[in-house]
Structures are given as structure tokens and as C-alpha cells.
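Participant: Enclosed is the structure file query30.tsv (TSV, C-alpha atoms).
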chain	number	residue	atom	x	y	z
A	1	MET	CA	-117.40	1.93	4.20
A	2	THR	CA	-115.67	-1.12	5.58
A	3	ASN	CA	-114.44	-2.07	2.09
A	4	ARG	CA	-113.14	1.48	1.53
A	5	ILE	CA	-111.20	1.42	4.86
A	6	GLY	CA	-109.80	-1.99	3.98
A	7	LYS	CA	-108.57	-0.78	0.59
A	8	LEU	CA	-106.98	2.30	2.16
A	9	CYS	CA	-105.14	0.10	4.71
A	10	LEU	CA	-103.88	-2.20	1.95
A	11	VAL	CA	-102.55	0.74	-0.10
A	12	ALA	CA	-100.87	2.17	3.00
A	13	ALA	CA	-99.25	-1.19	3.76
A	14	PHE	CA	-97.83	-1.47	0.22
A	15	ALA	CA	-96.53	2.09	0.39
A	16	LEU	CA	-94.83	1.38	3.72
A	17	MET	CA	-93.22	-1.80	2.35
A	18	ALA	CA	-91.93	0.01	-0.74
A	19	SER	CA	-90.54	2.86	1.35
A	20	THR	CA	-88.79	0.40	3.67
A	21	ALA	CA	-87.25	-1.53	0.73
A	22	VAL	CA	-85.89	1.63	-0.88
A	23	SER	CA	-84.43	2.79	2.44
A	24	TYR	CA	-82.79	-0.66	3.05
A	25	ALA	CA	-81.28	-0.73	-0.42
A	26	GLN	CA	-79.78	2.72	0.07
A	27	GLU	CA	-78.29	1.81	3.44
A	28	ASN	CA	-77.21	-1.74	2.42
A	29	PRO	CA	-75.95	-1.70	-1.18
A	30	CYS	CA	-75.40	-4.92	-3.07
A	31	GLY	CA	-72.17	-6.63	-2.06
A	32	THR	CA	-72.20	-5.81	1.66
A	33	PRO	CA	-72.27	-8.60	4.28
A	34	THR	CA	-75.90	-7.78	5.12
A	35	ASN	CA	-76.97	-7.84	1.48
A	36	PRO	CA	-74.69	-10.08	-0.61
A	37	CYS	CA	-75.06	-9.99	-4.37
A	38	ALA	CA	-76.33	-13.03	-6.15
A	39	THR	CA	-73.56	-14.72	-8.15
A	40	PRO	CA	-74.20	-14.18	-11.86
A	41	PRO	CA	-73.79	-17.12	-14.21
A	42	PRO	CA	-70.37	-17.49	-15.92
A	43	GLY	CA	-70.02	-15.14	-18.85
A	44	ASP	CA	-72.97	-12.98	-17.83
A	45	PRO	CA	-72.43	-9.63	-19.62
A	46	ASN	CA	-74.40	-7.90	-16.87
A	47	ALA	CA	-72.12	-9.21	-14.12
A	48	PRO	CA	-70.98	-6.44	-11.73
A	49	PRO	CA	-67.27	-5.59	-11.84
A	50	GLY	CA	-65.15	-7.16	-9.13
A	51	GLU	CA	-61.89	-8.85	-8.30
A	52	PRO	CA	-60.66	-11.38	-10.87
A	53	GLU	CA	-60.62	-15.03	-9.90
A	54	PRO	CA	-57.36	-15.77	-8.02
A	55	LYS	CA	-54.64	-17.61	-9.90
A	56	HIS	CA	-51.95	-19.94	-8.63
A	57	PRO	CA	-50.01	-19.66	-6.38
A	58	THR	CA	-52.42	-17.43	-4.42
A	59	GLY	CA	-55.41	-19.57	-5.39
A	60	ALA	CA	-56.03	-23.27	-4.92
A	61	HIS	CA	-53.17	-25.72	-5.44
A	62	PRO	CA	-53.24	-26.84	-9.10
A	63	THR	CA	-53.70	-30.38	-10.31
A	64	LYS	CA	-52.29	-32.09	-13.37
A	65	ALA	CA	-55.51	-31.22	-15.24
A	66	ASP	CA	-55.27	-27.45	-14.63
A	67	TYR	CA	-51.50	-26.95	-14.47
A	68	PRO	CA	-50.82	-23.25	-15.23
A	69	ILE	CA	-49.15	-22.03	-18.41
A	70	ALA	CA	-47.52	-18.96	-16.76
A	71	VAL	CA	-44.32	-19.75	-14.85
A	72	ILE	CA	-45.21	-17.33	-12.04
A	73	ASP	CA	-48.46	-19.23	-11.39
A	74	ARG	CA	-46.89	-22.70	-11.28
A	75	PRO	CA	-46.14	-24.71	-8.15
A	76	LEU	CA	-42.49	-25.17	-7.21
A	77	GLN	CA	-42.56	-28.91	-7.85
A	78	VAL	CA	-44.50	-31.41	-9.93
A	79	VAL	CA	-48.00	-32.36	-8.80
A	80	LYS	CA	-49.40	-35.83	-8.19
A	81	GLY	CA	-49.00	-38.20	-11.15
A	82	MET	CA	-46.95	-35.76	-13.25
A	83	ILE	CA	-43.58	-36.61	-14.82
A	84	GLU	CA	-41.38	-33.66	-15.78
A	85	ILE	CA	-38.31	-34.03	-17.99
A	86	ALA	CA	-36.35	-30.77	-17.88
A	87	GLY	CA	-33.04	-29.41	-16.59
A	88	ASN	CA	-30.21	-27.68	-18.44
A	89	THR	CA	-30.79	-29.63	-21.61
A	90	VAL	CA	-27.78	-28.47	-23.66
A	91	ASN	CA	-24.87	-26.46	-22.24
A	92	VAL	CA	-22.20	-24.91	-24.48
A	93	ASN	CA	-19.04	-23.39	-23.05
A	94	LEU	CA	-18.35	-19.98	-24.62
A	95	SER	CA	-15.32	-19.08	-22.52
A	96	THR	CA	-12.32	-17.35	-24.05
A	97	ASP	CA	-10.18	-19.82	-26.05
A	98	ALA	CA	-12.52	-22.69	-25.14
A	99	VAL	CA	-15.68	-22.21	-27.21
A	100	GLY	CA	-17.56	-25.51	-27.38
A	101	LYS	CA	-15.11	-27.14	-24.93
A	102	PRO	CA	-17.09	-28.74	-23.43
A	103	VAL	CA	-20.68	-29.27	-24.57
A	104	PHE	CA	-22.73	-31.24	-22.08
A	105	VAL	CA	-26.29	-32.39	-21.37
A	106	ALA	CA	-27.64	-32.16	-17.81
A	107	PRO	CA	-31.30	-33.27	-17.66
A	108	THR	CA	-33.58	-33.77	-14.68
A	109	VAL	CA	-36.54	-36.13	-14.33
A	110	TYR	CA	-39.08	-35.70	-11.50
A	111	TYR	CA	-42.24	-37.58	-10.57
A	112	GLY	CA	-45.06	-36.33	-8.32
A	113	ILE	CA	-45.76	-39.07	-5.77
A	114	THR	CA	-48.42	-36.83	-4.20
A	115	ASP	CA	-49.22	-33.15	-4.66
A	116	PHE	CA	-46.68	-32.41	-1.92
A	117	ILE	CA	-44.00	-35.12	-2.27
A	118	ALA	CA	-41.83	-35.59	-5.37
A	119	ALA	CA	-38.72	-37.59	-6.24
A	120	GLY	CA	-36.30	-37.23	-9.09
A	121	VAL	CA	-32.92	-37.67	-10.74
A	122	PHE	CA	-30.69	-34.69	-11.57
A	123	HIS	CA	-27.28	-33.85	-13.08
A	124	SER	CA	-24.85	-30.95	-12.68
A	125	ILE	CA	-22.83	-31.78	-15.80
A	126	GLY	CA	-24.16	-35.22	-16.67
A	127	LEU	CA	-23.29	-36.43	-20.15
A	128	CYS	CA	-20.28	-34.62	-21.64
A	129	LEU	CA	-20.33	-34.84	-25.45
A	130	THR	CA	-17.02	-33.40	-26.65
A	131	GLY	CA	-14.48	-35.88	-25.25
A	132	THR	CA	-11.52	-35.60	-22.92
A	133	ASP	CA	-9.56	-33.50	-25.42
A	134	ASN	CA	-12.30	-30.86	-25.42
A	135	GLY	CA	-13.10	-30.15	-21.81
A	136	CYS	CA	-14.68	-33.40	-20.59
A	137	PHE	CA	-13.17	-35.13	-17.56
A	138	LYS	CA	-15.27	-38.21	-18.29
A	139	THR	CA	-18.15	-38.95	-20.63
A	140	TYR	CA	-20.62	-39.38	-17.75
A	141	GLN	CA	-19.61	-37.13	-14.88
A	142	ASP	CA	-22.29	-37.13	-12.18
A	143	VAL	CA	-25.81	-38.11	-11.16
A	144	GLY	CA	-27.98	-37.37	-8.12
A	145	VAL	CA	-31.25	-38.42	-6.53
A	146	ASP	CA	-33.48	-35.82	-4.92
A	147	PHE	CA	-36.58	-35.81	-2.70
A	148	ARG	CA	-38.87	-32.80	-2.33
A	149	TYR	CA	-41.53	-31.86	0.20
A	150	TYR	CA	-43.90	-28.92	-0.32
A	151	PRO	CA	-44.97	-27.54	3.11
A	152	LEU	CA	-45.97	-24.03	1.91
A	153	HIS	CA	-47.92	-24.31	-1.34
A	154	HIS	CA	-50.30	-21.36	-1.39
A	155	GLY	CA	-50.10	-17.62	-0.99
A	156	ASN	CA	-47.47	-15.24	-2.24
A	157	PHE	CA	-44.70	-17.18	-0.48
A	158	LEU	CA	-44.03	-20.79	-1.53
A	159	LEU	CA	-41.42	-23.20	-0.19
A	160	SER	CA	-40.27	-26.63	-1.33
A	161	ALA	CA	-37.71	-28.33	0.93
A	162	HIS	CA	-35.36	-30.78	-0.77
A	163	ALA	CA	-32.65	-33.27	0.16
A	164	GLY	CA	-30.64	-35.76	-1.84
A	165	VAL	CA	-27.35	-37.45	-2.64
A	166	GLN	CA	-25.05	-36.72	-5.59
A	167	PHE	CA	-22.42	-39.10	-7.00
A	168	LEU	CA	-19.40	-37.57	-8.79
A	169	PHE	CA	-17.45	-39.86	-11.11
A	170	LEU	CA	-13.90	-38.67	-10.52
A	171	ASP	CA	-10.86	-41.00	-10.38
A	172	GLU	CA	-12.95	-42.68	-7.71
A	173	VAL	CA	-16.63	-42.17	-7.01
A	174	ALA	CA	-17.16	-39.21	-4.67
A	175	MET	CA	-20.39	-38.51	-2.79
A	176	SER	CA	-22.09	-35.53	-1.18
A	177	ALA	CA	-25.45	-34.91	0.46
A	178	LEU	CA	-27.47	-31.87	-0.62
A	179	VAL	CA	-30.00	-30.07	1.59
A	180	GLY	CA	-31.86	-26.95	0.50
A	181	ALA	CA	-35.04	-24.92	0.34
A	182	TYR	CA	-36.43	-23.71	-2.98
A	183	MET	CA	-38.56	-20.58	-2.38
A	184	GLN	CA	-40.63	-18.08	-4.35
A	185	TYR	CA	-42.07	-14.75	-3.31
A	186	VAL	CA	-44.58	-13.09	-5.66
A	187	ILE	CA	-44.07	-9.33	-5.41
A	188	THR	CA	-46.77	-8.39	-7.94
A	189	PRO	CA	-48.91	-10.54	-10.28
A	190	LYS	CA	-46.09	-10.23	-12.84
A	191	ILE	CA	-42.89	-10.06	-10.75
A	192	ALA	CA	-41.39	-12.72	-8.49
A	193	ILE	CA	-38.11	-13.58	-6.82
A	194	LEU	CA	-36.99	-17.19	-6.44
A	195	PHE	CA	-34.03	-18.50	-4.48
A	196	ASP	CA	-32.64	-21.92	-3.62
A	197	PRO	CA	-29.97	-21.86	-0.87
A	198	THR	CA	-28.35	-25.30	-0.83
A	199	VAL	CA	-25.62	-26.89	1.30
A	200	ASN	CA	-23.41	-29.72	0.02
A	201	ILE	CA	-22.23	-31.98	2.85
A	202	LYS	CA	-19.19	-34.18	2.36
A	203	LEU	CA	-19.86	-37.91	2.36
A	204	LYS	CA	-16.79	-39.09	0.44
A	205	ASP	CA	-13.84	-37.29	-1.20
A	206	VAL	CA	-15.49	-33.87	-1.69
A	207	GLY	CA	-15.54	-30.82	0.56
A	208	ASN	CA	-18.43	-29.05	2.27
A	209	SER	CA	-19.78	-26.10	0.29
A	210	PHE	CA	-22.85	-23.93	-0.27
A	211	ALA	CA	-24.57	-22.11	-3.12
A	212	ILE	CA	-27.30	-19.45	-3.18
A	213	PRO	CA	-28.84	-19.11	-6.65
A	214	VAL	CA	-31.40	-16.29	-7.09
A	215	TRP	CA	-33.77	-15.53	-9.98
A	216	PHE	CA	-35.56	-12.18	-10.46
A	217	GLY	CA	-38.39	-12.94	-12.88
A	218	TYR	CA	-40.95	-11.01	-14.92
A	219	GLN	CA	-44.02	-12.59	-16.53
A	220	ALA	CA	-44.31	-10.51	-19.70
A	221	ASN	CA	-47.42	-12.42	-20.80
A	222	PRO	CA	-48.82	-15.90	-20.02
A	223	ASN	CA	-46.28	-17.53	-22.37
A	224	ILE	CA	-43.11	-15.48	-21.78
A	225	TRP	CA	-41.06	-15.44	-18.58
A	226	VAL	CA	-37.78	-13.49	-18.50
A	227	PHE	CA	-35.30	-13.46	-15.64
A	228	LEU	CA	-32.03	-12.18	-14.25
A	229	PHE	CA	-30.00	-14.88	-12.52
A	230	THR	CA	-27.15	-14.78	-10.02
A	231	ALA	CA	-25.51	-17.40	-7.82
A	232	PHE	CA	-23.01	-16.95	-5.01
A	233	GLY	CA	-21.20	-19.67	-3.12
A	234	GLY	CA	-18.08	-21.69	-2.48
A	235	PRO	CA	-16.36	-24.13	-0.12
A	236	PHE	CA	-16.54	-23.66	3.64
A	237	ASP	CA	-12.80	-24.30	3.93
A	238	GLY	CA	-10.80	-21.61	2.18
A	239	PHE	CA	-13.91	-19.73	1.11
A	240	GLY	CA	-12.10	-16.42	0.66
A	241	ASP	CA	-9.77	-17.93	-1.93
A	242	ALA	CA	-12.36	-19.89	-3.89
A	243	PHE	CA	-15.81	-18.25	-3.76
A	244	THR	CA	-17.68	-17.77	-7.04
A	245	GLY	CA	-20.34	-15.36	-8.29
A	246	SER	CA	-22.20	-15.93	-11.55
A	247	LEU	CA	-24.59	-13.66	-13.43
A	248	GLY	CA	-26.99	-14.54	-16.23
A	249	LEU	CA	-29.95	-13.40	-18.29
A	250	GLY	CA	-32.53	-15.75	-19.73
A	251	GLY	CA	-36.08	-16.40	-20.80
A	252	ASN	CA	-38.68	-19.15	-21.03
A	253	TYR	CA	-41.37	-19.60	-23.68
A	254	ALA	CA	-44.32	-21.81	-22.75
A	255	ILE	CA	-45.52	-23.58	-25.89
A	256	SER	CA	-48.30	-24.95	-23.67
A	257	ASN	CA	-48.75	-25.69	-19.99
A	258	MET	CA	-46.99	-29.01	-20.65
A	259	MET	CA	-44.04	-27.89	-22.80
A	260	ASP	CA	-41.43	-25.10	-22.51
A	261	LEU	CA	-38.40	-23.81	-24.36
A	262	GLY	CA	-35.74	-21.70	-22.65
A	263	LEU	CA	-32.44	-19.95	-23.31
A	264	GLU	CA	-29.91	-18.37	-20.93
A	265	PHE	CA	-26.54	-16.68	-21.28
A	266	GLN	CA	-24.41	-16.78	-18.16
A	267	PHE	CA	-21.10	-15.39	-16.91
A	268	THR	CA	-19.97	-18.32	-14.80
A	269	ASN	CA	-17.77	-16.34	-12.36
A	270	LEU	CA	-18.24	-12.65	-13.03
A	271	TYR	CA	-17.69	-11.35	-9.49
A	272	GLY	CA	-16.10	-14.26	-7.60
A	273	LYS	CA	-12.50	-14.69	-6.54
A	274	GLY	CA	-10.27	-14.33	-9.60
A	275	GLY	CA	-13.36	-14.03	-11.79
A	276	GLY	CA	-14.22	-11.92	-14.80
A	277	ALA	CA	-16.13	-11.95	-18.04
A	278	ASP	CA	-14.00	-14.63	-19.70
A	279	GLY	CA	-16.05	-17.52	-18.28
A	280	ARG	CA	-19.27	-17.80	-20.31
A	281	LEU	CA	-21.93	-20.44	-20.79
A	282	LEU	CA	-24.93	-20.75	-23.12
A	283	ILE	CA	-27.76	-22.91	-21.79
A	284	ALA	CA	-30.65	-24.17	-23.93
A	285	ARG	CA	-33.55	-25.75	-22.05
A	286	PHE	CA	-36.44	-27.95	-23.02
A	287	ALA	CA	-39.10	-29.17	-20.60
A	288	ILE	CA	-41.98	-31.56	-21.12
A	289	ARG	CA	-44.54	-32.68	-18.56
A	290	LEU	CA	-46.53	-35.89	-18.91
Please re-express this file's structure in C-alpha cells.
Facilitator:
Amino acid sequence: MTNRIGKLCLVAAFALMASTAVSYAQENPCGTPTNPCATPPPGDPNAPPGEPEPKHPTGAHPTKADYPIAVIDRPLQVVKGMIEIAGNTVNVNLSTDAVGKPVFVAPTVYYGITDFIAAGVFHSIGLCLTGTDNGCFKTYQDVGVDFRYYPLHHGNFLLSAHAGVQFLFLDEVAMSALVGAYMQYVITPKIAILFDPTVNIKLKDVGNSFAIPVWFGYQANPNIWVFLFTAFGGPFDGFGDAFTGSLGLGGNYAISNMMDLGLEFQFTNLYGKGGGADGRLLIARFAIRL
């Protein structure tokens, strides 16, 4: 009799436990804070559907080892230990009655001192290849040094502050200081807007001016980035008589996360003072990161 009562109590206990477990599972489905799901191993075909792993820039800050291939996922400046050789590699004037006058090379070279501090050398025109009879003022026209600091490096909004000095080789060497903020806002996982308002401050023989370049970009796939470009600016003194407004269309093809090719066609002053469609420029770009 005692054994029979004991068995009945054991069966009742198991039934109560089973009933409680079923009720808990119904009230606390997998994935809730009170009942988190176990993380399945990578590649598990039975893994429950969920949000994809975040990518840069909304995920962790990338390193040199995992630098993204998609432009929209990349940081705004080189990371620690990385050297990037880029810039407007070859520029060909296509303006009316001046095709190929001039052709110039304007590279940039940047080095990541840390993940958040970088330094580099840049050119606006740089090395002019076609001579003084074909649009070149001098063979080597300018060079600048630039320092960048990356205070906002994750999330949909990124910002890289920069400051530097540019030397212009005119009849005498002219100098200006440049201060700006390069920014990106990711609107969707495939669409972003980038802008780089910059002020040029007179140091020697050049005037004070500003420029606001803007890029509207679309990441068609991980390798292809296409963009619409515009830039507005001019001198502070006499701005109304000398402001410029350019408009361009371009694209970038990532051969890998360490090498890119790009092409852009630009109207150099489509909507500025005295502007029109006669001023045209073709820009071919090559970038390599080491």
C-alpha cells in the first residue's frame, strides 16, 4: 500500500512538472528576456531567423585585418597601421576648346597613427603633365599636409575632423590653413550622404574661402558604389561675384577591400557665377591600401 501511494505521488509530481514547463514555454517563448535562446553554432542550418550581424559603421570599428569592401561600411579615415595611396589620380580637362589642357595628377597618401588619428599629404592639382602651353601654371603646383581626428566612429553618423596647411607654388609660395569636418550619415543600409565643409584661412598671399562638397551615394552591391557629387563655395570677399557650383556623377569599383578603381565626370562650375556646361573634367581614381 505504501509503495502504491509512493508511486502515485511520483507520477503526480512528474505530471505537475510537465504541466508547469508547458505553461512556462507558452508564456515565455524563446528569445524573451526571461527565456533567452541558446546561441546556435555558426552555420547551424537550424538556427532561428533573426537580425543579421551588424556591419560597419553601425557595428564595431574595423581594424586593418577586417577592413570592409563596401564603401558605405568603411570608416572615414585609415585605421591604425594602414597606408592609403589614393586621391584624384588622373584628371583630364574636357572643357570647350581646351580638351586635355591640362592633364594633372593629384594623389593623396595617408597613414593611420592610431585607429582615430591619421596624417597625410594631399594635392589639389599637384603634378601638371601637359606643360605651360597646355594649361599648366607650373609643373608642380601645390602640396598640403593634413591631420585627422575621428571622434564619432560608430553608428549611422560618422565624423572625422581635419586640419592642415596647403602650399601653393605661384610666383611666390602662398600658404593657407584648412579646417573642416568630413561627415557621413547612413540613411539606409545602401544609401548614404557624405559632406565635407572646409574653410581655407589665409596665411600668405591667398584669400579666405570655403567649400562644401556633398556626395549622395548608393551601394549597388558590395563592390560597386555610385554617387552624385556637388560642391558649392567661393571667397569670403566678393563672394557674389566669384562663387562656384560644380556637379558630377561617378562610381567606384572595389577590386578587393584593399584596392579600388573609380571614375567621375564633373561639370566644374555648372551653377556658379558665370558658370555653365562648358567647364568639364574627367577624373580617374585608383586607391591601394597597405
Participant: Just the number, please: distance in Å from CA of Leu203 (chain A) to CA of Val173 (chain A), one decimal.
Facilitator: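 The value is 10.8 Å.
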Participant: To one decimal place in Å, what is the distance between CA of Asn91 (chain A) and CA of Tyr253 (chain A)?
Facilitator: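 Separation of CA of Asn91 (chain A) and CA of Tyr253 (chain A): 17.9 Å.
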Participant: CA of Asp142 (chain A) and CA of Leu127 (chain A), how far apart in Å?
Facilitator: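 Computed distance, CA of Leu127 (chain A) to CA of Asp142 (chain A), equals 8.1 Å.
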Participant: Determine the nearest neighbour of Pro107 (chain A) from the options A:Phe229, A:Val121, A:Gly87, A:Asn93, counting only C-alpha atoms.
Facilitator: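 Under the stated criterion, the closest residue is A:Gly87.
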Participant: Give me, as a ChimeraX atom specification, all polymer residues having an atom no more than 10 Å from Gly245 (chain A), counting only C-alpha atoms and skipping those fewer than 4 positions away in the same chain.
Facilitator: /A:211-213,230-234,267-273,275-276
Participant: What's the 7 Å shell around region 178-189 of chain A, counting all atoms listed in the file, without same-chain residues fewer than 4 positions away, as a PyMOL selection string?
Facilitator: chain A and resi 156-165+193-201
Participant: Find the residues near Lys64 (chain A): any atom within 12 Å, counting only C-alpha atoms, skip ones fewer than 3 places away on the same chain, and give them as a list in words.
Facilitator: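 In the requested form, the answer reads His61, Tyr67, Pro68, Ile69, Arg74, Pro75, Gln77, Val78, Val79, Lys80, Gly81, Met82, Ile83, Glu84, Tyr111, Gly112, Thr114, Asp115, Asn257, Met258, Arg289 and Leu290 of chain A.
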Participant: Let me make sure I understand: among A:Asn252, A:Thr132, A:Ser124, A:Asn208, which one has the smallest atom-to-atom distance to Ser176 (chain A) if we use all atoms listed in the file?
Facilitator: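 Closest residue, counting all atoms listed in the file: A:Asn208.
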Participant: Find the residue from A:Lys202, A:Lys190, A:His154, A:Arg148 that sits nearest to Phe227 (chain A); use only C-alpha atoms when measuring.
Facilitator: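 Going through A:Lys202, A:Lys190, A:His154, A:Arg148 one by one, the smallest distance to Phe227 (chain A) is for A:Lys190.
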Participant: Taking all atoms of region 131-145 of chain A that the file lists, what box with edges along x, y and z, padded by 4 Å per side, do you get, with centre and edge lengths in Å to one decimal, as JSON?
Facilitator:
{"center_x": -20.4, "center_y": -34.8, "center_z": -16.0, "size_x": 29.7, "size_y": 17.2, "size_z": 26.9}
Participant: Quick one: of A:Pro62, A:Asp171, A:Pro235, A:Gly250, who's nearest to Phe116 (chain A), counting all atoms listed in the file?
Facilitator: A:Pro62
Participant: Residues proximal to (-10.4, -38.2, -14.4) were defined as those with any atom within 7 Å of that point in the file's coordinates, counting all atoms listed in the file. Which are they, as a ChimeraX atom specification?
Facilitator: /A:137-138,170-171
Participant: What would the file look like if the residues just selected were written as a short mmCIF file (atom, residue, chain, number, x, y, z; two decimals), in the coordinates of the input with C-alpha atoms?
Facilitator:
data_model
loop_
_atom_site.label_atom_id
_atom_site.label_comp_id
_atom_site.auth_asym_id
_atom_site.auth_seq_id
_atom_site.Cartn_x
_atom_site.Cartn_y
_atom_site.Cartn_z
CA PHE A 137 -13.17 -35.13 -17.56
CA LYS A 138 -15.27 -38.21 -18.29
CA LEU A 170 -13.90 -38.67 -10.52
CA ASP A 171 -10.86 -41.00 -10.38
#
Participant: Could you please fill out region 231-261 of chain A with N, CA and C atoms and send it back as a short mmCIF file (atom, residue, chain, number, x, y, z; two decimals), in the coordinates of the input?
Facilitator:
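Ended up saving to out33.cif:
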data_model
loop_
_atom_site.label_atom_id
_atom_site.label_comp_id
_atom_site.auth_asym_id
_atom_site.auth_seq_id
_atom_site.Cartn_x
_atom_site.Cartn_y
_atom_site.Cartn_z
N ALA A 231 -25.77 -16.35 -8.81
CA ALA A 231 -25.51 -17.40 -7.82
C ALA A 231 -24.19 -17.09 -7.13
N PHE A 232 -24.19 -17.24 -5.82
CA PHE A 232 -23.01 -16.95 -5.01
C PHE A 232 -22.74 -18.15 -4.12
N GLY A 233 -21.50 -18.54 -3.99
CA GLY A 233 -21.20 -19.67 -3.12
C GLY A 233 -19.75 -20.06 -3.16
N GLY A 234 -19.44 -21.20 -2.53
CA GLY A 234 -18.08 -21.69 -2.48
C GLY A 234 -17.88 -22.68 -1.36
N PRO A 235 -16.66 -23.16 -1.18
CA PRO A 235 -16.36 -24.13 -0.12
C PRO A 235 -16.31 -23.45 1.25
N PHE A 236 -16.66 -24.20 2.28
CA PHE A 236 -16.54 -23.66 3.64
C PHE A 236 -15.08 -23.47 4.03
N ASP A 237 -14.22 -24.42 3.65
CA ASP A 237 -12.80 -24.30 3.93
C ASP A 237 -12.13 -23.51 2.82
N GLY A 238 -11.46 -22.43 3.18
CA GLY A 238 -10.80 -21.61 2.18
C GLY A 238 -11.76 -20.83 1.30
N PHE A 239 -12.88 -20.43 1.90
CA PHE A 239 -13.91 -19.73 1.11
C PHE A 239 -13.37 -18.45 0.45
N GLY A 240 -12.59 -17.69 1.18
CA GLY A 240 -12.10 -16.42 0.66
C GLY A 240 -11.24 -16.55 -0.57
N ASP A 241 -10.64 -17.72 -0.77
CA ASP A 241 -9.77 -17.93 -1.93
C ASP A 241 -10.47 -18.65 -3.07
N ALA A 242 -11.73 -19.05 -2.86
CA ALA A 242 -12.36 -19.89 -3.89
C ALA A 242 -13.84 -19.61 -4.11
N PHE A 243 -14.38 -18.50 -3.56
CA PHE A 243 -15.81 -18.25 -3.76
C PHE A 243 -16.08 -17.82 -5.21
N THR A 244 -17.29 -18.09 -5.67
CA THR A 244 -17.68 -17.77 -7.04
C THR A 244 -18.95 -16.92 -7.05
N GLY A 245 -19.14 -16.17 -8.12
CA GLY A 245 -20.34 -15.36 -8.29
C GLY A 245 -20.70 -15.27 -9.76
N SER A 246 -21.78 -15.92 -10.15
CA SER A 246 -22.20 -15.93 -11.55
C SER A 246 -23.34 -14.95 -11.79
N LEU A 247 -23.53 -14.58 -13.04
CA LEU A 247 -24.59 -13.66 -13.43
C LEU A 247 -25.10 -14.05 -14.81
N GLY A 248 -26.43 -14.12 -14.96
CA GLY A 248 -26.99 -14.54 -16.23
C GLY A 248 -28.30 -13.85 -16.55
N LEU A 249 -28.69 -13.95 -17.80
CA LEU A 249 -29.95 -13.40 -18.29
C LEU A 249 -30.60 -14.46 -19.18
N GLY A 250 -31.90 -14.70 -18.96
CA GLY A 250 -32.53 -15.75 -19.73
C GLY A 250 -34.02 -15.53 -19.89
N GLY A 251 -34.65 -16.46 -20.58
CA GLY A 251 -36.08 -16.40 -20.80
C GLY A 251 -36.65 -17.78 -21.03
N ASN A 252 -37.96 -17.90 -20.85
CA ASN A 252 -38.68 -19.15 -21.03
C ASN A 252 -39.92 -18.88 -21.87
N TYR A 253 -40.16 -19.72 -22.88
CA TYR A 253 -41.37 -19.60 -23.68
C TYR A 253 -42.20 -20.86 -23.48
N ALA A 254 -43.42 -20.69 -22.98
CA ALA A 254 -44.32 -21.81 -22.75
C ALA A 254 -45.10 -22.09 -24.03
N ILE A 255 -44.75 -23.16 -24.71
CA ILE A 255 -45.52 -23.58 -25.89
C ILE A 255 -46.93 -23.96 -25.46
N SER A 256 -47.03 -24.61 -24.31
CA SER A 256 -48.30 -24.95 -23.67
C SER A 256 -48.00 -25.10 -22.19
N ASN A 257 -49.01 -25.48 -21.41
CA ASN A 257 -48.75 -25.69 -19.99
C ASN A 257 -47.93 -26.95 -19.74
N MET A 258 -47.73 -27.76 -20.79
CA MET A 258 -46.99 -29.01 -20.65
C MET A 258 -45.66 -29.02 -21.39
N MET A 259 -45.29 -27.90 -22.03
CA MET A 259 -44.04 -27.89 -22.80
C MET A 259 -43.44 -26.49 -22.83
N ASP A 260 -42.13 -26.38 -22.55
CA ASP A 260 -41.43 -25.10 -22.51
C ASP A 260 -40.14 -25.17 -23.31
N LEU A 261 -39.73 -24.00 -23.80
CA LEU A 261 -38.40 -23.81 -24.36
C LEU A 261 -37.74 -22.66 -23.61
#
